[in-house]
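**Student:** So I've got this file, model.csv, and it contains CSV, C-alpha atoms and all ligand atoms:
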```csv
chain,number,residue,atom,x,y,z
A,42,MET,CA,179.4,14.9,104.8
A,43,SER,CA,182.3,17.4,104.7
A,44,ARG,CA,179.8,20.3,104.9
A,45,ASP,CA,176.1,20.5,105.8
A,46,GLN,CA,173.5,23.2,106.0
A,47,TYR,CA,174.7,24.2,109.4
A,48,THR,CA,178.4,24.7,108.5
A,49,PHE,CA,179.6,28.3,109.1
A,50,VAL,CA,180.5,29.7,105.7
A,51,ASN,CA,180.5,33.0,103.9
A,52,PRO,CA,177.4,32.8,101.6
A,53,ALA,CA,179.1,35.0,99.1
A,54,ASP,CA,181.8,32.4,98.6
A,55,LEU,CA,179.4,29.4,98.4
A,56,TYR,CA,178.9,27.5,95.1
A,57,ALA,CA,181.7,29.4,93.3
A,58,ASP,CA,182.2,26.1,91.4
A,59,ILE,CA,178.7,26.2,89.9
A,60,ASP,CA,179.0,28.7,87.1
A,61,PRO,CA,176.9,27.6,84.1
A,62,LYS,CA,177.3,28.6,80.5
A,63,LYS,CA,174.7,29.1,77.8
A,64,GLN,CA,172.5,26.0,77.4
A,65,HIS,CA,169.0,25.0,76.3
A,66,GLN,CA,166.7,22.0,76.9
A,67,PRO,CA,163.1,21.4,75.7
A,68,GLU,CA,160.4,21.7,78.4
A,69,PRO,CA,160.1,20.3,81.1
A,70,GLY,CA,163.9,19.8,81.2
A,71,LEU,CA,166.0,17.4,83.3
A,72,ASP,CA,168.3,18.0,86.2
A,73,ALA,CA,170.2,15.0,84.8
A,74,GLU,CA,171.1,17.2,81.8
A,75,LEU,CA,172.0,20.4,83.6
A,76,ALA,CA,175.7,21.4,83.4
A,77,PRO,CA,177.1,22.0,85.9
A,78,LYS,CA,174.9,20.0,88.2
A,79,ALA,CA,172.6,21.9,90.6
A,80,ASP,CA,173.0,21.2,94.4
A,81,LEU,CA,169.9,19.5,95.6
A,82,GLY,CA,171.4,18.8,99.0
A,83,GLU,CA,172.2,15.2,98.2
A,84,ASP,CA,175.6,15.5,99.9
A,85,THR,CA,174.9,18.4,102.3
A,86,TYR,CA,171.4,18.3,103.8
A,87,ARG,CA,171.5,16.7,107.3
A,88,GLY,CA,168.2,15.9,109.0
A,89,THR,CA,167.5,16.2,112.7
A,90,GLY,CA,164.0,14.8,113.0
A,91,ARG,CA,162.1,18.0,112.5
A,92,LEU,CA,159.4,16.3,110.4
A,93,ALA,CA,159.3,12.9,112.1
A,94,GLY,CA,156.2,10.9,111.1
A,95,ARG,CA,154.8,13.6,108.8
A,96,LYS,CA,153.2,12.9,105.4
A,97,ALA,CA,153.9,15.2,102.5
A,98,LEU,CA,152.7,15.7,99.0
A,99,ILE,CA,155.1,17.8,96.8
A,100,THR,CA,154.5,18.8,93.2
A,101,GLY,CA,157.4,19.2,90.8
A,102,ALA,CA,159.3,16.9,93.3
A,103,ASP,CA,161.6,15.4,90.6
A,104,SER,CA,164.0,18.3,90.1
A,105,GLY,CA,165.1,21.7,91.3
A,106,ILE,CA,163.5,23.3,94.4
A,107,GLY,CA,160.9,20.5,94.8
A,108,ALA,CA,163.5,17.8,94.7
A,109,ALA,CA,165.7,19.6,97.2
A,110,THR,CA,162.6,20.0,99.5
A,111,ALA,CA,161.8,16.3,99.1
A,112,ILE,CA,165.3,15.2,100.1
A,113,ALA,CA,165.2,17.5,103.1
A,114,PHE,CA,161.7,16.3,104.2
A,115,ALA,CA,162.7,12.7,103.9
A,116,ARG,CA,165.9,13.2,105.9
A,117,GLU,CA,163.8,15.1,108.5
A,118,GLY,CA,161.7,11.9,108.9
A,119,ALA,CA,158.7,12.6,106.5
A,120,ASP,CA,157.1,10.2,104.0
A,121,VAL,CA,156.7,11.8,100.6
A,122,ALA,CA,154.4,11.6,97.6
A,123,MET,CA,156.1,13.0,94.5
A,124,SER,CA,154.2,14.6,91.5
A,125,TYR,CA,156.0,15.3,88.2
A,126,LEU,CA,155.5,14.9,84.5
A,127,PRO,CA,155.9,11.4,82.9
A,128,GLU,CA,158.8,12.8,80.8
A,129,GLU,CA,160.7,13.4,84.1
A,130,GLU,CA,160.8,9.8,85.2
A,131,GLU,CA,164.7,9.7,85.1
A,132,ASP,CA,165.0,12.6,87.6
A,133,ALA,CA,162.1,11.4,89.7
A,134,ALA,CA,163.5,7.9,90.0
A,135,ARG,CA,166.9,9.2,91.2
A,136,ILE,CA,165.2,11.4,93.8
A,137,ALA,CA,162.9,8.6,95.0
A,138,GLY,CA,165.9,6.5,95.5
A,139,ILE,CA,167.6,9.1,97.7
A,140,LEU,CA,164.3,9.5,99.8
A,141,ARG,CA,164.1,5.7,100.3
A,142,GLU,CA,167.7,5.6,101.4
A,143,ALA,CA,166.7,8.1,104.1
A,144,GLY,CA,164.1,5.6,105.2
A,145,ALA,CA,161.0,7.3,103.7
A,146,THR,CA,158.0,5.7,102.2
A,147,VAL,CA,157.8,7.2,98.7
A,148,LEU,CA,155.0,7.4,96.2
A,149,THR,CA,155.7,8.4,92.6
A,150,ILE,CA,152.6,9.8,90.9
A,151,PRO,CA,153.3,11.2,87.5
A,152,GLY,CA,150.8,13.3,85.6
A,153,ASP,CA,149.9,16.7,84.1
A,154,LEU,CA,149.0,19.5,86.6
A,155,ARG,CA,146.9,21.2,83.9
A,156,ASP,CA,144.5,18.3,84.2
A,157,LYS,CA,142.0,18.7,87.0
A,158,GLU,CA,141.2,15.0,87.2
A,159,TYR,CA,144.9,14.3,87.6
A,160,CYS,CA,145.2,16.9,90.4
A,161,ARG,CA,142.2,15.3,92.2
A,162,ALA,CA,143.5,11.7,91.8
A,163,LEU,CA,147.0,12.8,92.9
A,164,VAL,CA,145.6,13.9,96.3
A,165,ALA,CA,143.5,10.8,96.7
A,166,GLU,CA,146.4,8.5,95.9
A,167,ALA,CA,148.7,10.4,98.2
A,168,VAL,CA,146.2,10.2,101.1
A,169,GLU,CA,145.6,6.5,100.4
A,170,GLY,CA,149.2,5.5,99.9
A,171,LEU,CA,150.7,7.5,102.9
A,172,GLY,CA,147.8,6.8,105.2
A,173,GLY,CA,146.9,10.5,105.4
A,174,LEU,CA,148.4,13.9,104.6
A,175,ASP,CA,149.7,16.8,106.7
A,176,ILE,CA,152.0,18.8,104.4
A,177,LEU,CA,151.2,20.0,100.9
A,178,VAL,CA,153.8,21.8,98.9
A,179,ASN,CA,152.4,23.4,95.7
A,180,ASN,CA,155.7,23.8,93.8
A,181,GLY,CA,155.3,22.6,90.2
A,182,GLY,CA,155.5,25.6,87.8
A,183,LYS,CA,155.9,26.8,84.2
A,184,GLN,CA,158.0,29.8,83.1
A,185,VAL,CA,158.6,30.7,79.4
A,186,PHE,CA,159.8,34.1,78.5
A,187,ASN,CA,158.2,36.2,75.8
A,188,GLU,CA,159.4,39.7,74.7
A,189,ASP,CA,156.2,41.0,73.1
A,190,ILE,CA,152.6,40.6,74.3
A,191,THR,CA,151.4,40.6,70.7
A,192,THR,CA,153.3,37.3,70.2
A,193,LEU,CA,152.5,35.7,73.6
A,194,PRO,CA,150.6,32.6,72.5
A,195,ASP,CA,147.1,32.3,74.1
A,196,ASP,CA,147.9,28.6,74.9
A,197,GLN,CA,151.1,29.6,76.7
A,198,PHE,CA,149.2,32.2,78.8
A,199,ASP,CA,146.5,29.6,79.7
A,200,ASP,CA,149.1,26.8,80.4
A,201,THR,CA,151.1,29.0,82.7
A,202,PHE,CA,148.0,29.9,84.7
A,203,ALA,CA,146.7,26.3,84.7
A,204,THR,CA,150.1,24.9,85.9
A,205,ASN,CA,150.9,27.6,88.4
A,206,VAL,CA,147.5,28.7,89.7
A,207,SER,CA,144.6,26.4,88.7
A,208,ALA,CA,146.5,23.2,89.8
A,209,MET,CA,147.3,24.8,93.2
A,210,PHE,CA,143.6,25.6,93.6
A,211,TRP,CA,142.4,22.1,92.5
A,212,ILE,CA,145.0,20.2,94.7
A,213,THR,CA,144.5,22.4,97.7
A,214,LYS,CA,140.7,22.1,97.5
A,215,GLU,CA,140.9,18.4,97.3
A,216,ALA,CA,143.5,18.1,100.1
A,217,VAL,CA,142.0,20.4,102.8
A,218,PRO,CA,139.3,17.9,103.9
A,219,HIS,CA,142.1,15.4,104.7
A,220,LEU,CA,144.4,17.8,106.5
A,221,PRO,CA,144.3,17.6,110.3
A,222,GLY,CA,145.0,20.6,112.6
A,223,GLY,CA,148.7,21.2,112.6
A,224,SER,CA,149.1,20.6,108.9
A,225,ALA,CA,151.0,23.0,106.6
A,226,ILE,CA,150.3,24.2,103.1
A,227,ILE,CA,153.3,25.8,101.4
A,228,ASN,CA,153.1,27.5,98.0
A,229,THR,CA,156.0,28.5,95.8
A,230,THR,CA,155.8,32.0,94.6
A,231,SER,CA,158.7,34.2,93.3
A,232,ILE,CA,160.5,37.5,93.5
A,233,GLN,CA,158.6,38.0,90.2
A,234,ALA,CA,155.5,38.6,92.3
A,235,TYR,CA,156.9,42.0,93.3
A,236,SER,CA,159.6,42.8,90.7
A,237,PRO,CA,158.1,41.5,87.5
A,238,SER,CA,160.4,41.2,84.5
A,239,ASP,CA,159.2,42.8,81.2
A,240,ILE,CA,159.6,39.4,79.5
A,241,LEU,CA,157.6,37.4,82.1
A,242,VAL,CA,154.2,39.0,81.9
A,243,ASP,CA,152.2,35.8,82.2
A,244,TYR,CA,154.5,34.1,84.7
A,245,ALA,CA,154.9,37.1,87.0
A,246,SER,CA,151.1,37.5,87.1
A,247,THR,CA,150.7,33.9,88.3
A,248,LYS,CA,153.2,34.5,91.1
A,249,ALA,CA,151.4,37.6,92.3
A,250,THR,CA,148.2,35.6,92.3
A,251,ILE,CA,149.9,32.8,94.4
A,252,ASN,CA,150.9,35.4,97.0
A,253,ALA,CA,147.3,36.7,97.3
A,254,PHE,CA,145.9,33.2,97.3
A,255,THR,CA,148.3,32.3,100.1
A,256,LYS,CA,147.4,35.3,102.3
A,257,ALA,CA,143.7,35.0,101.7
A,258,LEU,CA,143.5,31.2,102.4
A,259,ALA,CA,145.8,31.5,105.4
A,260,GLN,CA,143.2,33.5,107.2
A,261,GLN,CA,140.4,31.2,106.2
A,262,LEU,CA,142.2,28.0,107.4
A,263,ALA,CA,144.0,29.4,110.5
A,264,PRO,CA,141.0,28.6,112.8
A,265,LYS,CA,141.3,25.0,111.7
A,266,GLY,CA,145.0,25.0,112.6
A,267,ILE,CA,146.1,24.5,109.0
A,268,ARG,CA,148.9,27.0,108.3
A,269,VAL,CA,149.3,28.4,104.8
A,270,ASN,CA,152.5,30.1,103.8
A,271,ALA,CA,154.7,30.7,100.7
A,272,VAL,CA,158.3,30.6,99.8
A,273,ALA,CA,159.5,33.2,97.2
A,274,PRO,CA,162.8,32.2,95.6
A,275,GLY,CA,165.1,34.5,93.7
A,276,PRO,CA,167.2,33.3,90.8
A,277,ILE,CA,167.9,29.6,91.4
A,278,TRP,CA,169.8,27.1,89.2
A,279,THR,CA,167.1,24.6,88.0
A,280,PRO,CA,165.9,23.1,84.7
A,281,LEU,CA,163.1,25.8,84.6
A,282,GLN,CA,165.7,28.4,83.6
A,283,VAL,CA,167.2,26.5,80.7
A,284,THR,CA,163.8,25.5,79.2
A,285,ASP,CA,163.2,29.1,78.0
A,286,GLY,CA,162.6,30.4,81.5
A,287,GLN,CA,165.3,33.0,80.5
A,288,PRO,CA,166.9,34.0,77.2
A,289,GLN,CA,170.1,32.1,76.5
A,290,GLU,CA,172.4,35.0,77.1
A,291,LYS,CA,171.1,35.5,80.6
A,292,ILE,CA,172.0,32.0,81.8
A,293,ALA,CA,175.7,32.8,82.2
A,294,VAL,CA,175.1,35.9,84.3
A,295,PHE,CA,172.0,34.5,86.1
A,296,GLY,CA,171.7,35.9,89.6
A,297,GLU,CA,174.8,38.2,89.4
A,298,ASP,CA,172.6,41.2,90.0
A,299,THR,CA,171.6,40.1,93.4
A,300,PRO,CA,173.3,41.7,96.5
A,301,LEU,CA,175.0,38.4,97.1
A,302,GLY,CA,176.3,38.4,93.5
A,303,ARG,CA,175.4,34.9,92.5
A,304,MET,CA,172.4,32.6,91.8
A,305,GLY,CA,171.1,30.4,94.5
A,306,GLN,CA,171.0,26.6,94.6
A,307,PRO,CA,167.9,24.4,95.3
A,308,ALA,CA,169.6,23.1,98.5
A,309,GLU,CA,169.5,26.7,99.8
A,310,LEU,CA,165.6,26.7,99.5
A,311,ALA,CA,164.9,23.5,101.3
A,312,PRO,CA,165.4,24.8,104.9
A,313,ALA,CA,162.7,27.4,104.3
A,314,TYR,CA,160.2,24.7,103.4
A,315,VAL,CA,161.2,22.6,106.3
A,316,PHE,CA,160.7,25.6,108.7
A,317,LEU,CA,157.3,26.4,107.3
A,318,ALA,CA,156.2,22.7,107.4
A,319,SER,CA,157.4,22.0,110.9
A,320,ALA,CA,155.5,22.7,114.1
A,321,GLU,CA,158.3,25.1,115.1
A,322,SER,CA,156.6,27.8,112.8
A,323,SER,CA,153.2,27.4,114.7
A,324,TYR,CA,152.6,31.2,114.8
A,325,VAL,CA,153.8,31.9,111.2
A,326,ILE,CA,150.7,32.2,109.0
A,327,GLY,CA,150.2,33.9,105.6
A,328,GLU,CA,153.9,34.7,105.4
A,329,THR,CA,156.0,34.8,102.3
A,330,LEU,CA,159.6,33.7,103.1
A,331,ASN,CA,161.9,35.3,100.6
A,332,VAL,CA,165.0,33.3,99.7
A,333,ASN,CA,166.6,35.5,97.1
A,334,GLY,CA,170.2,36.6,97.8
A,335,GLY,CA,169.2,39.9,99.3
A,336,MET,CA,166.8,41.6,96.8
A,337,PRO,CA,164.4,43.9,98.7
A,338,THR,CA,160.8,42.8,98.9
A,339,PRO,CA,157.7,44.5,100.3
B,401,LIG,P1,162.0,22.7,87.9
B,401,LIG,O1,161.9,22.7,86.5
B,401,LIG,O2,163.0,21.8,88.6
B,401,LIG,O3,160.6,22.4,88.6
B,401,LIG,C1,159.4,22.7,88.1
B,401,LIG,C2,158.6,21.4,88.0
B,401,LIG,O4,157.3,21.7,87.7
B,401,LIG,C3,159.1,20.4,87.0
B,401,LIG,O5,160.1,19.5,87.5
B,401,LIG,C4,157.8,19.7,86.7
B,401,LIG,O6,157.7,18.4,87.4
B,401,LIG,C5,156.7,20.6,87.2
B,401,LIG,N1,155.8,20.8,86.1
B,401,LIG,C6,155.8,21.8,85.2
B,401,LIG,N2,154.8,21.7,84.4
B,401,LIG,C7,154.0,20.7,84.8
B,401,LIG,C8,152.8,20.1,84.4
B,401,LIG,N3,152.1,20.6,83.3
B,401,LIG,N4,152.4,19.0,85.0
B,401,LIG,C9,153.1,18.5,86.1
B,401,LIG,N5,154.2,19.0,86.6
B,401,LIG,C10,154.7,20.1,85.9
B,401,LIG,O7,162.3,24.2,88.4
B,401,LIG,P2,162.2,25.0,89.8
B,401,LIG,O8,162.9,26.3,89.5
B,401,LIG,O9,162.7,24.2,90.9
B,401,LIG,O10,160.7,25.3,89.9
B,401,LIG,C11,160.0,25.0,91.1
B,401,LIG,C12,159.1,26.2,91.5
B,401,LIG,O11,160.0,27.3,91.8
B,401,LIG,C13,158.2,26.8,90.4
B,401,LIG,O12,156.9,27.1,90.9
B,401,LIG,C14,158.9,28.0,89.9
B,401,LIG,O13,158.0,29.0,89.4
B,401,LIG,C15,159.5,28.5,91.3
B,401,LIG,N6,160.6,29.5,91.2
B,401,LIG,C16,161.7,29.2,90.6
B,401,LIG,C17,162.7,30.1,90.5
B,401,LIG,C18,164.1,29.8,89.9
B,401,LIG,O14,164.8,30.8,89.7
B,401,LIG,N7,164.4,28.6,89.5
B,401,LIG,C19,162.5,31.4,91.0
B,401,LIG,C20,161.3,31.7,91.6
B,401,LIG,C21,160.3,30.7,91.7
B,402,MG,MG,161.7,18.6,86.5
```
Let's see the structure in the file written out as structure tokens.
**Tutor:**
Amino acid sequence: MSRDQYTFVNPADLYADIDPKKQHQPEPGLDAELAPKADLGEDTYRGTGRLAGRKALITGADSGIGAATAIAFAREGADVAMSYLPEEEEDAARIAGILREAGATVLTIPGDLRDKEYCRALVAEAVEGLGGLDILVNNGGKQVFNEDITTLPDDQFDDTFATNVSAMFWITKEAVPHLPGGSAIINTTSIQAYSPSDILVDYASTKATINAFTKALAQQLAPKGIRVNAVAPGPIWTPLQVTDGQPQEKIAVFGEDTPLGRMGQPAELAPAYVFLASAESSYVIGETLNVNGGMPTP
């Protein structure tokens, strides 16, 4: 590794080579088709044993932020169960290979988060296959822009809530009885929770819900020693953005309005999840860790 996540660098200069042009993929999109490639930490994330022996379930673990988190967790010593859609097998297989190279036990459990029965079976299979569970990362999500509420399809509204909110509820409800004291639940929210875009009415609403869910549940589960926190990314280069997460013309300037002046890479998110998963954050509960290039948040 020529550089890793501890190398002293000017963050304004990082990733100058990753400068995408207009592009589009059908949902759910593939990291394999992103041009230029996103940095998932494949060549940069260095583990130091911060999650040794831990057992993690991550949704949306095939690509983007979930994949970067999976790589970091495996290199920190955790075993990982990966959830993703069947159409994403190509991305999932590549990530599973990287995790296994790091020495992790890996379970690949494809399915649709909008399906309650899948969500329940996912937890059961993860617990069975990993021999328990002590980290849950609710990260899978849907984002499709729409400029006019009178044309926002009812099924899009329902699917966005089912994927981003209902699945988080079903999976967490099923997981909690299995989680020992010391476990961590980490939900993925967004800058959209506080600074909603006019074209992301449904998506932004789910992200505000995730923040409230996190802060309410954190208080409920703290006495059991289960810590619930959230990560709130800003603009990050992932398949979500090119599958109508943004209008085409915004892709080329994506993230340029942040104080840092650039979009972020999934690899820059992973350390936030590692911190919240690890015992080193033992007194951090109900927190939203913003990783957004400097945009002010409440
Ligand atoms: P991504 O496309 O790489 O990951 C999203 C994943 O969600 C997909 O890989 C897919 O596996 C999963 N998913 C979507 N619909 C599903 C379904 N019906 N069933 C099963 N799995 C499904 O994009 P990402 O940006 O890494 O997204 C991860 C999380 O980060 C999402 O919750 C997203 O809202 C959040 N987020 C992203 C950004 C950003 O700029 N990229 C910003 C803020 C928040
Ligand atoms: Mg994907």
**Student:** Would you mind reading off the distance between CA of Asp58 in chain A and CA of Thr110 in chain A, one decimal, in Å?
**Tutor:**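 Rounded to one decimal, the two atoms are 22.1 Å apart.
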**Student:** Please list as a PyMOL selection string every residue within 12 Å of range 232-240 of chain A, counting all atoms listed in the file and excluding residues in the same chain fewer than 5 positions away.
**Tutor:** chain A and resi 184-190+192-193+245-253+271-277+285-288+296+299+329-339
**Student:** Could you save the residues just selected, with C-alpha atoms, as an mmCIF file, in the coordinates of the input?
**Tutor:**
```cif
data_model
loop_
_atom_site.group_PDB
_atom_site.id
_atom_site.type_symbol
_atom_site.label_atom_id
_atom_site.label_comp_id
_atom_site.auth_asym_id
_atom_site.auth_seq_id
_atom_site.Cartn_x
_atom_site.Cartn_y
_atom_site.Cartn_z
ATOM 1 C CA GLN A 184 158.000 29.800 83.100
ATOM 2 C CA VAL A 185 158.600 30.700 79.400
ATOM 3 C CA PHE A 186 159.800 34.100 78.500
ATOM 4 C CA ASN A 187 158.200 36.200 75.800
ATOM 5 C CA GLU A 188 159.400 39.700 74.700
ATOM 6 C CA ASP A 189 156.200 41.000 73.100
ATOM 7 C CA ILE A 190 152.600 40.600 74.300
ATOM 8 C CA THR A 192 153.300 37.300 70.200
ATOM 9 C CA LEU A 193 152.500 35.700 73.600
ATOM 10 C CA ALA A 245 154.900 37.100 87.000
ATOM 11 C CA SER A 246 151.100 37.500 87.100
ATOM 12 C CA THR A 247 150.700 33.900 88.300
ATOM 13 C CA LYS A 248 153.200 34.500 91.100
ATOM 14 C CA ALA A 249 151.400 37.600 92.300
ATOM 15 C CA THR A 250 148.200 35.600 92.300
ATOM 16 C CA ILE A 251 149.900 32.800 94.400
ATOM 17 C CA ASN A 252 150.900 35.400 97.000
ATOM 18 C CA ALA A 253 147.300 36.700 97.300
ATOM 19 C CA ALA A 271 154.700 30.700 100.700
ATOM 20 C CA VAL A 272 158.300 30.600 99.800
ATOM 21 C CA ALA A 273 159.500 33.200 97.200
ATOM 22 C CA PRO A 274 162.800 32.200 95.600
ATOM 23 C CA GLY A 275 165.100 34.500 93.700
ATOM 24 C CA PRO A 276 167.200 33.300 90.800
ATOM 25 C CA ILE A 277 167.900 29.600 91.400
ATOM 26 C CA ASP A 285 163.200 29.100 78.000
ATOM 27 C CA GLY A 286 162.600 30.400 81.500
ATOM 28 C CA GLN A 287 165.300 33.000 80.500
ATOM 29 C CA PRO A 288 166.900 34.000 77.200
ATOM 30 C CA GLY A 296 171.700 35.900 89.600
ATOM 31 C CA THR A 299 171.600 40.100 93.400
ATOM 32 C CA THR A 329 156.000 34.800 102.300
ATOM 33 C CA LEU A 330 159.600 33.700 103.100
ATOM 34 C CA ASN A 331 161.900 35.300 100.600
ATOM 35 C CA VAL A 332 165.000 33.300 99.700
ATOM 36 C CA ASN A 333 166.600 35.500 97.100
ATOM 37 C CA GLY A 334 170.200 36.600 97.800
ATOM 38 C CA GLY A 335 169.200 39.900 99.300
ATOM 39 C CA MET A 336 166.800 41.600 96.800
ATOM 40 C CA PRO A 337 164.400 43.900 98.700
ATOM 41 C CA THR A 338 160.800 42.800 98.900
ATOM 42 C CA PRO A 339 157.700 44.500 100.300
#
```
**Student:** Residues of chain A within 8 Å of ligand MG 402 (chain B): nearest atom pair and distance (Å, one decimal) for each, counting all atoms listed in the file, sorted by chain and number, as JSON lines?
**Tutor:**
```
{"residue": "A:Pro69", "atom": "CA", "partner": "B:MG402", "partner_atom": "MG", "distance": 5.9}
{"residue": "A:Gly70", "atom": "CA", "partner": "B:MG402", "partner_atom": "MG", "distance": 5.9}
{"residue": "A:Leu71", "atom": "CA", "partner": "B:MG402", "partner_atom": "MG", "distance": 5.5}
{"residue": "A:Asp72", "atom": "CA", "partner": "B:MG402", "partner_atom": "MG", "distance": 6.6}
{"residue": "A:Gly101", "atom": "CA", "partner": "B:MG402", "partner_atom": "MG", "distance": 6.1}
{"residue": "A:Ala102", "atom": "CA", "partner": "B:MG402", "partner_atom": "MG", "distance": 7.4}
{"residue": "A:Asp103", "atom": "CA", "partner": "B:MG402", "partner_atom": "MG", "distance": 5.2}
{"residue": "A:Ser104", "atom": "CA", "partner": "B:MG402", "partner_atom": "MG", "distance": 4.3}
{"residue": "A:Gly105", "atom": "CA", "partner": "B:MG402", "partner_atom": "MG", "distance": 6.6}
{"residue": "A:Tyr125", "atom": "CA", "partner": "B:MG402", "partner_atom": "MG", "distance": 6.8}
{"residue": "A:Leu126", "atom": "CA", "partner": "B:MG402", "partner_atom": "MG", "distance": 7.5}
{"residue": "A:Glu129", "atom": "CA", "partner": "B:MG402", "partner_atom": "MG", "distance": 5.8}
{"residue": "A:Asp132", "atom": "CA", "partner": "B:MG402", "partner_atom": "MG", "distance": 6.9}
{"residue": "A:Ala133", "atom": "CA", "partner": "B:MG402", "partner_atom": "MG", "distance": 7.9}
{"residue": "A:Pro280", "atom": "CA", "partner": "B:MG402", "partner_atom": "MG", "distance": 6.4}
{"residue": "A:Leu281", "atom": "CA", "partner": "B:MG402", "partner_atom": "MG", "distance": 7.6}
```
**Student:** With a distance cut-off of 12 Å and only C-alpha atoms, select the neighbouring residues of Asp156 in chain A, excluding the residue or stretch itself and same-chain residues fewer than 2 positions from it, and output the selection as a PyMOL selection string.
**Tutor:** chain A and resi 126+151-154+158-163+200+203-204+207-212
**Student:** May I ask which of the residues A:Gln64, A:Gln260, A:Thr146, A:Thr284 is the closest one to ligand LIG 401 (chain B), counting only C-alpha atoms and all ligand atoms?
**Tutor:** A:Thr284
**Student:** So which residues touch range 78-95 of chain A within 8 Å, counting only C-alpha atoms, skipping near sequence neighbours fewer than 5 positions away, as number ranges by chain?
**Tutor:** A: 42-46, 59, 72-73, 105-106, 108-109, 112-114, 116-120, 139, 174-176, 278-279, 306-308, 315, 318-319
**Student:** Find the distance between CA of Met304 in chain A and atom C20 of ligand LIG 401 (chain B) and write it in Å to one decimal.
**Tutor:** 11.1 Å
**Student:** Give as an mmCIF file with C-alpha atoms, in the frame of the given file every residue, naming chains and numbers as the document does, that has an atom within 6 Å of (153.1, 21.4, 104.1), counting only C-alpha atoms.
**Tutor:**
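The resulting file, result.cif, is shown below:
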```cif
data_model
loop_
_atom_site.group_PDB
_atom_site.id
_atom_site.type_symbol
_atom_site.label_atom_id
_atom_site.label_comp_id
_atom_site.auth_asym_id
_atom_site.auth_seq_id
_atom_site.Cartn_x
_atom_site.Cartn_y
_atom_site.Cartn_z
ATOM 1 C CA ILE A 176 152.000 18.800 104.400
ATOM 2 C CA LEU A 177 151.200 20.000 100.900
ATOM 3 C CA VAL A 178 153.800 21.800 98.900
ATOM 4 C CA ALA A 225 151.000 23.000 106.600
ATOM 5 C CA ILE A 226 150.300 24.200 103.100
ATOM 6 C CA ILE A 227 153.300 25.800 101.400
ATOM 7 C CA ALA A 318 156.200 22.700 107.400
#
```
**Student:** By how many Å are atom C13 of ligand LIG 401 (chain B) and CA of Lys62 in chain A apart?
**Tutor:** 21.6 Å
**Student:** Which of these, A:Pro312, A:Pro67, A:Gly173, A:Gly305, has the shortest distance to ligand LIG 401 (chain B) once you count all atoms listed in the file?
**Tutor:**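 Closest residue, counting all atoms listed in the file: A:Gly305.
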**Student:** So which one's closest to ligand LIG 401 (chain B), A:Pro127, A:Gly182, A:Gly172, A:Gly302? Using all atoms listed in the file, please.
**Tutor:**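 Looking at the shortest contact to ligand LIG 401 (chain B), the residue is A:Gly182.
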**Student:** Out of A:Ile267, A:Val283, A:Leu148, A:Ala216, which residue has the shortest atom-to-atom distance to Gln66 in chain A when counting all atoms listed in the file?
**Tutor:**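 Once distances to Gln66 in chain A are computed over all atoms listed in the file, the minimum belongs to A:Val283.
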**Student:** Of the residues A:Leu140, A:Leu55, A:Ala311, A:Ala167, which is the one nearest to ligand LIG 401 (chain B), using all atoms listed in the file?
**Tutor:**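 Among A:Leu140, A:Leu55, A:Ala311, A:Ala167, it is A:Ala311 that comes nearest to ligand LIG 401 (chain B).
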**Student:** Taking only C-alpha atoms into account, which of A:Ile292, A:Ala122, A:Leu301, A:Val242 comes nearest Asp54 in chain A?
**Tutor:**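 Closest to Asp54 in chain A, using only C-alpha atoms: A:Leu301.
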